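Peer 1: Quick one: the structure is below, and I'll ask about it shortly.
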2 protein chains.
Amino acid sequence: MHMSKSSHTSQAQTIKSLSAIQSEVESINRIALSVDCVIFGFDENKLKVLLIRSDLKKFQGKWSLLGDLVDPREELDEAASRILKQRTGLDDVYMEQVKTFGSLHRHPAGRVVTVVYYSLINIQNHKLKILDNELHWHDVSEIEDLAFDHKQILDCSYEQLQRRVQEHPLAFSLLPKKFSLRELQNVYEAILNIKMDRRNFRKKFFAMDFLVDIDEMEQDVPHRPGKLYNFNYNKYEKKKKKWVGIDF
Amino acid sequence: MHMSKSSHTSQAQTIKSLSAIQSEVESINRIALSVDCVIFGFDENKLKVLLIRSDLKKFQGKWSLLGDLVDPREELDEAASRILKQRTGLDDVYMEQVKTFGSLHRHPAGRVVTVVYYSLINIQNHKLKILDNELHWHDVSEIEDLAFDHKQILDCSYEQLQRRVQEHPLAFSLLPKKFSLRELQNVYEAILNIKMDRRNFRKKFFAMDFLVDIDEMEQDVPHRPGKLYNFNYNKYEKKKKKWVGIDF
DNA sequence: CATTTAATGTGTAAAAATAACACATTATTC
DNA sequence: GAATAATGTGTTATTTTTACACATTAAATG
């Protein structure tokens with residue numbers, strides 16, 4: 001940022017000392033900053049999001065995203081990780097900043113600007129840990145209304161997920177380390193809300209060569225078991241787009 | 001945001017009154033919030049960005065993005081518009097939020113979290129207005145170093161522009177209302193830093209039918225003049241992607 | 001143990017999109 | 001009026017995407 005509040009109308013600028021800037025920063029009203037996490041999971045062939053019962057009277061009965069105020073001595077990413085860790089017990093989760101929401105009246109307690117992250121976790125691993133009564137996994141497709149502007153935030157995050165999952169191998173983060181191709185396809189179908197052709201899907205993924213056949217089969221399925229695979233992140237390298245997919 | 005700072009360790013949550021939350025917001029240290037604008041333009045067949053000489057001693061001689069602190073009573077988008085208006089005299093410019101940067105030590109004056117926007121303007125229209133000596137249009141490709149973390153911010157914004165311009169008709173915002181197809185192609189080539197085949201390019205844009213032939217020709221060009229077109233935003237509607245372009 | 005069930009696993013051909021490529025035309029400049 | 005420097009245009013080859021059907025396998029059932 002170029003601090004110009006006091007000088008942007010005068011053509012002749014002076015070089016400021018750091019302390020001058022500092023007092024400028026001090027003197028301006030600061031703003032409460034929060035981080036909200038849109039935590040996506042995948043279960044029962046559906047895309048889920050982890051919500052908490054709102055603790056605000058105004059939104060009693062409504063669900064909300066998981067968030068917290070950012071400590072001034074804390075990185076934004078760290079704040080997001082902290083919230084995730086507190087709620088799910090998980091470190092080391094795929095996470096991406098989505099957008100910052102700052103409408104004047106989005107929070108009844110006053111101006112609170114919130115930086116939104118989404119993260120993708122494998123529900124299977126963590127089912128046991130989420131005992132908190134106030135937390136619940138909701139079907140993304142069935143959410144109609146949330147506290148604050150959280151429905152809007154969820155919609156925005158979901159759209160970003162839909163875009164990103166088509167360009168990057170994120171879907172694996174929603175699955176256990178070992179997964180069948182059918183499970184992988186289910187993830188895509190759930191996120192993108194479409195049906196895909198099984199043969200074309202398999203062809204596509206085998207063509208990229210980062211699926212590792214681990215020579216194991218599904219267990220305890222009531223039908224012919226499928227092969228299990230790992231995703232090998234090492235083999236993954238972003239392809240350069242040829243020229244331009246102008247494709248509005 | 002779900003305010004949980006004081007309660008996230010206790011399983012039993014209580015519904016809080018608004019005033020309880022308010023005091024929570026009050027009591028927490030707030031953070032200085034700024035908006036930075038990455039203002040792109042197009043001139044001399046090159047993608048340009050508008051920079052200002054840093055007014056910080058620490059960064060003397062370096063250039064920086066245009067930004068300002070956000071007033072607590074001001075919307076984020078409005079802050080971005082305000083900065084743009086102050087510097088370029090322009091309202092009503094294409095603008096998009098990019099990302100929020102909040103590294104602890106990104107600003108020497110203390111913690112300043114900044115929400116970044118990029119905008120696309122048509123330089124031709126505004127050349128006259130930018131008289132400010134401290135402002136200059138730089139070739140994006142030639143920028144090596146900026147004040148603060150602004151190089152990183154610029155890189156991130158530029159990458160977002162490259163992605164977005166392939167999926168949405170943004171490029172028109174960098175051109176005058178009347179433009180030739182060659183100019184349009186030049187914009188794409190500059191942004192994406194590639195050469196394209198003229199015939200295929202034209203084919204692609206005529207296939208989408210939002211180019212309006214206004215039956216005028218270029219003037220004052222030292223060669224055969226090309227036809228001029230308008231872009232018709234009304235005719236533009238985002239195509240639904242068929243299924244999924246899984247294309248990592 | 002034979003049958004049913006519900007999935008997995010596999011290849012080819014048609015259609016669509018993309019990429020490569022050359023020459024006649026036009027206004028300007030000299 | 002000759003040279004210049006660009007515009008404007010169509011076809012073919014290649015690649016990518018889509019559509020589509022049947023044999024196989026393990027588990028469950030009676």
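Ligands are numbered from 1 in the order shown, chains are lettered A, B, ... in the order of the structure tokens, and residues start at 1 in each chain.
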Identify every residue of chain C that has at least one atom within 6 Å of any atom of chain A, counting only C-alpha atoms (C1' of nucleotides), and report the result as an MDAnalysis selection string.
Peer 2: chainID C and resid 6:8
Peer 1: Using only C-alpha atoms (C1' of nucleotides), find the residues of chain D whose closest atom to chain B is at most 8 Å away, then write them as an MDAnalysis selection string.
Peer 2: chainID D and resid 5:7
Peer 1: Could you turn the residues from that selection into a file that holds C-alpha atoms (C1' of nucleotides), as a PDB file, in the first residue's frame?
Peer 2:
ATOM      1  C1'  DA D   5       2.557  -3.253 -44.811  1.00  0.00           C
ATOM      2  C1'  DA D   6      -1.043  -4.495 -43.256  1.00  0.00           C
ATOM      3  C1'  DT D   7      -6.161  -6.736 -43.704  1.00  0.00           C
TER       4       DT D   7
END
Peer 1: May I have the residues within 12 Å of DA22 in chain C as a list in words, using only C-alpha atoms (C1' of nucleotides) and disregarding those fewer than 6 positions away in the same chain?
Peer 2: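 The residues that qualify are Arg199 of chain B; DT9, DG10 and DT11 of chain D.
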Peer 1: Taking only C-alpha atoms into account, produce a table as a Markdown table in which each residue of range 136-233 of chain B with an atom at most 12 Å from an atom of range 156-165 of chain A appears once, together with its shortest atom pair and the distance in Å to one decimal, ordered by chain and rising number.
Peer 2:
| residue | atom | partner | partner_atom | distance |
| --- | --- | --- | --- | --- |
| B:Arg163 | CA | A:Arg163 | CA | 11.2 |
| B:Arg164 | CA | A:Arg163 | CA | 11.4 |
| B:Glu167 | CA | A:Arg163 | CA | 11.0 |
Peer 1: Quick one: pick out all alpha helix (DSSP H) residues within range 15-221 of chain B from a backbone DSSP run and write them as an NGL selection string.
Peer 2: :B and (18-27 or 76-88 or 123-126 or 150-167 or 181-192 or 198-207)
Peer 1: Taking into account only C-alpha atoms, which residue in the set B:Lys46, B:Val113, B:Phe59, B:Lys85 is nearest to Ile31 in chain B?
Peer 2: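 Closest candidate: B:Val113.
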Peer 1: Based on the backbone DSSP call, show me all residues of range 51-224 of chain B assigned strand (DSSP E), as number ranges by chain.
Peer 2: B: 51-53, 63-64, 66-69, 94-101, 112-120, 135-139, 179-180, 211-217
Peer 1: Which residues come within 9 Å of Val187 in chain B, counting only C-alpha atoms (C1' of nucleotides), excluding same-chain residues fewer than 3 positions away, as a PyMOL selection string?
Peer 2: chain B and resi 42+45-47+171-172+174-175+182-184+190-192
Peer 1: Based on the selection just made, write C-alpha atoms of those residues as an mmCIF file, in the first residue's frame.
Peer 2:
data_model
loop_
_atom_site.group_PDB
_atom_site.id
_atom_site.type_symbol
_atom_site.label_atom_id
_atom_site.label_comp_id
_atom_site.auth_asym_id
_atom_site.auth_seq_id
_atom_site.Cartn_x
_atom_site.Cartn_y
_atom_site.Cartn_z
ATOM 1 C CA PHE B 42 -2.767 -1.402 -22.677
ATOM 2 C CA ASN B 45 0.982 -3.201 -27.737
ATOM 3 C CA LYS B 46 2.103 -3.852 -24.215
ATOM 4 C CA LEU B 47 0.339 -4.565 -20.982
ATOM 5 C CA ALA B 171 -10.016 -7.754 -22.724
ATOM 6 C CA PHE B 172 -12.464 -5.264 -24.187
ATOM 7 C CA LEU B 174 -8.547 -2.371 -22.102
ATOM 8 C CA LEU B 175 -9.579 -1.096 -25.522
ATOM 9 C CA ARG B 182 -5.874 -6.766 -34.700
ATOM 10 C CA GLU B 183 -5.975 -4.562 -31.617
ATOM 11 C CA LEU B 184 -8.046 -7.159 -29.827
ATOM 12 C CA ALA B 190 0.270 -9.086 -24.633
ATOM 13 C CA ILE B 191 -1.598 -10.462 -21.656
ATOM 14 C CA LEU B 192 -0.860 -14.095 -22.372
#
Peer 1: I'd like the contact shell of Ser119 in chain B - 12 Å cut-off, only C-alpha atoms (C1' of nucleotides), skipping same-chain residues fewer than 5 positions apart - returned as a ChimeraX atom specification.
Peer 2: /B:36-42,48-50,66,77,80-81,83-85,88,90-98,154,157-158,160-161,170-171,173-174
Peer 1: What is the CA of Arg87 in chain B to CA of Gly110 in chain B distance in Å?
Peer 2: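 A separation of 25.2 Å between them.
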Peer 1: Name all residues at most 10 Å from Tyr236 in chain B (count only C-alpha atoms (C1' of nucleotides); drop same-chain ones fewer than 2 positions away) and give them as a list in words.
Peer 2: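 Near Tyr236 in chain B, the qualifying residues are Phe248 of chain A; His168, Pro169, Met208, Asp209, Phe210, Leu211, Phe231, Asn232, Tyr233, Asn234, Lys238 and Lys239 of chain B.
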Peer 1: Restricting the calculation to only C-alpha atoms, which member of B:Lys177, B:Arg30, B:Lys195, B:His126 is positioned closest to chain A?
Peer 2: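 Among B:Lys177, B:Arg30, B:Lys195, B:His126, it is B:Arg30 that comes nearest to chain A.
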Peer 1: For DC22 in chain D, work out the shell of residues within 12 Å, counting only C-alpha atoms (C1' of nucleotides) and skipping chain neighbours fewer than 4 positions away, then give it as a count of residues only.
Peer 2: 3
Peer 1: B:Gln219, B:Thr100, B:Ser34, B:Ser54: which is nearest Leu135 in chain B, counting only C-alpha atoms?
Peer 2: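 Between B:Gln219, B:Thr100, B:Ser34, B:Ser54, the residue approaching Leu135 in chain B most closely is B:Ser54.
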Peer 1: To one decimal place in Å, what is the distance between CA of Lys235 in chain B and CA of Lys203 in chain B?
Peer 2: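 So the two atoms, CA of Lys235 in chain B and CA of Lys203 in chain B, lie 17.5 Å apart.
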